[in-house]
Amino acid sequence: MKRVFLIVLDSCGIGQMPDAAAFGDFGVNTLRSCTRSEKLRIPNLRAAGLGNIEGVEGLAPVPNPCGAVCRLAEASMGKDTTIGHWEIAGIVSPDPLPTYPNGFPEEVLAPFRAATGRGVLANAPWSGTEVIAAYGEEHIRTGDLIVYTSADSVFQIAAHEEVVPLEQLYEYCRIARAQLVGRHGVGRVIARPFIGTPGHFTRTANRHDFSLEPPKQTLLDAVKAAGQEVLAVGKIFDIFAGRGTTEHVYNRSNADGMAHTLAYADRDFRGLCFVNLVDFDMLYGHRRDVDGYAAALTEFDAFLPRLMEKLGEDDIVMITADHGCDPAYTQTTDHTREYVPLLVLGKGVKPVNLGTRTGFCEIAATVAELLGVGLETPGRSFAKEILK
């Protein structure tokens, strides 16, 4: 194969895994929740075989799907963006990244305060919009930084752009990233800039993630080392700490990410285009907006034929997810431990149902074989099973 377009519908899980209860999740199913919305119209994903995947609920299977499909179990011990994407790229994480349900300990905060010369506000798990509403005014008055976390392995720093200029905020994040290693090696340090006045604060599009570097070679590293292109769209560059990419572009929205993907599809390259569409998770999953999530899936479905018509004989599209975030699950607003779908489309792909596969890392093994590059991963390639 010449080109692989690997698209992550961030958080689009398809039903709880057997160990979901150990992660605090009961009866979760992101896709099933969306099928109950009148906003969901996904004829192209259904024709590809989404409803034919083992365990999918709420979507009737079609008689003759056009894609190869399977359900992927997560082998890693996590349900977050970093671990999910690392596994898609070939790394299984046996231990979860550290989380801080009670806030960060003093051994983390003391060196951060010393290095930045600023105090710390909040220091607890918070909603990003709620924490700036609660502490924004005090931050403006004192200059102290709003530091908070979530159920994910993240150290987030919120600051008003007129109090802490963007580059200074990013430098504070680099300081935190350098300090947060070892047992406090969180998956991501995230800059969360905002603007406005008390009672009217809004977050800006200048968010930036500073990720923990992957501990081993990834699919991206292998493809780049083979002299091929690795084009990163959206959060991919940040998730992999910039490693293994040859070119990257950020997204302002899912629609923007789709436009970037179409632009790359117009280019003549050999290698991998790795895409993350985060609106599903950030705007609709965590905010428990079922109709919004369903409408975003409808938007993606309408985009899919435009991408498919740009594919050559030796191109493939893979559509998957990195975890769940059930928008109808009201016990928490966190990610949910779920299986994820995989749809494989292209002129050289035969319609086959591969059942349930044991690891997102099987994507990495398959892409590596399709592109003819070497990669050490626990995943088992199914390339030969899906090609005509």
# chains A, B, ... in the order shown; residues from 1 in each chain; ligands from 1
>>> residues_around(residues="range 183-187 of chain A", least_positions_apart="3", cutoff="12 Å", atoms="only C-alpha atoms", output="ChimeraX atom specification")
/A:78-86,93,95-100,104-109,149-156,176-180,190,209-215,238-241
>>> residues_around(residues="range 119-125 of chain A", least_positions_apart="3", cutoff="9 Å", atoms="only C-alpha atoms", output="JSON, numbers by chain")
{"A": [100, 101, 102, 103, 104, 109, 112, 113, 114, 116, 131, 134, 135, 138, 139, 142, 143, 144, 145, 146, 147, 148, 149, 150, 151]}
>>> atom_distance(atom1="CA of Met77 in chain A", atom2="CA of Glu338 in chain A")
11.9 Å
>>> atom_distance(atom1="CA of Pro378 in chain A", atom2="CA of Glu362 in chain A")
7.8 Å
>>> select_by_dssp(residues="range 14-123 of chain A", states="strand (DSSP E)", output="PyMOL selection string")
chain A and resi 68-73+120-123
>>> write_last_selection(atoms="N, CA, C and O atoms", output="PDB file, in the first residue's frame")
ATOM      1  N   ALA A  68     -13.933  -3.839   5.678  1.00  0.00           N
ATOM      2  CA  ALA A  68     -13.511  -4.838   6.656  1.00  0.00           C
ATOM      3  C   ALA A  68     -13.722  -4.228   8.037  1.00  0.00           C
ATOM      4  O   ALA A  68     -13.425  -3.047   8.249  1.00  0.00           O
ATOM      5  N   VAL A  69     -14.230  -5.009   8.977  1.00  0.00           N
ATOM      6  CA  VAL A  69     -14.583  -4.461  10.282  1.00  0.00           C
ATOM      7  C   VAL A  69     -14.143  -5.386  11.406  1.00  0.00           C
ATOM      8  O   VAL A  69     -13.984  -6.598  11.214  1.00  0.00           O
ATOM      9  N   CYS A  70     -13.967  -4.816  12.576  1.00  0.00           N
ATOM     10  CA  CYS A  70     -13.748  -5.607  13.782  1.00  0.00           C
ATOM     11  C   CYS A  70     -13.965  -4.739  15.005  1.00  0.00           C
ATOM     12  O   CYS A  70     -14.094  -3.517  14.908  1.00  0.00           O
ATOM     13  N   ARG A  71     -14.027  -5.397  16.150  1.00  0.00           N
ATOM     14  CA  ARG A  71     -14.091  -4.725  17.443  1.00  0.00           C
ATOM     15  C   ARG A  71     -12.738  -4.925  18.123  1.00  0.00           C
ATOM     16  O   ARG A  71     -12.193  -6.032  18.133  1.00  0.00           O
ATOM     17  N   LEU A  72     -12.196  -3.848  18.695  1.00  0.00           N
ATOM     18  CA  LEU A  72     -10.889  -3.909  19.341  1.00  0.00           C
ATOM     19  C   LEU A  72     -11.024  -3.738  20.848  1.00  0.00           C
ATOM     20  O   LEU A  72     -11.650  -2.789  21.323  1.00  0.00           O
ATOM     21  N   ALA A  73     -10.447  -4.672  21.599  1.00  0.00           N
ATOM     22  CA  ALA A  73     -10.354  -4.529  23.047  1.00  0.00           C
ATOM     23  C   ALA A  73      -9.078  -3.768  23.377  1.00  0.00           C
ATOM     24  O   ALA A  73      -8.084  -3.864  22.652  1.00  0.00           O
ATOM     25  N   VAL A 120      -0.345  28.817  43.389  1.00  0.00           N
ATOM     26  CA  VAL A 120      -1.229  27.847  42.739  1.00  0.00           C
ATOM     27  C   VAL A 120      -2.625  27.944  43.339  1.00  0.00           C
ATOM     28  O   VAL A 120      -2.781  27.983  44.568  1.00  0.00           O
ATOM     29  N   LEU A 121      -3.633  27.973  42.466  1.00  0.00           N
ATOM     30  CA  LEU A 121      -5.040  27.969  42.880  1.00  0.00           C
ATOM     31  C   LEU A 121      -5.694  26.657  42.450  1.00  0.00           C
ATOM     32  O   LEU A 121      -5.246  26.005  41.506  1.00  0.00           O
ATOM     33  N   ALA A 122      -6.766  26.302  43.106  1.00  0.00           N
ATOM     34  CA  ALA A 122      -7.638  25.158  42.780  1.00  0.00           C
ATOM     35  C   ALA A 122      -7.022  23.845  43.232  1.00  0.00           C
ATOM     36  O   ALA A 122      -7.402  23.284  44.254  1.00  0.00           O
ATOM     37  N   ASN A 123      -6.110  23.260  42.450  1.00  0.00           N
ATOM     38  CA  ASN A 123      -5.451  21.995  42.755  1.00  0.00           C
ATOM     39  C   ASN A 123      -6.427  20.895  43.147  1.00  0.00           C
ATOM     40  O   ASN A 123      -6.414  20.378  44.271  1.00  0.00           O
TER      41      ASN A 123
END
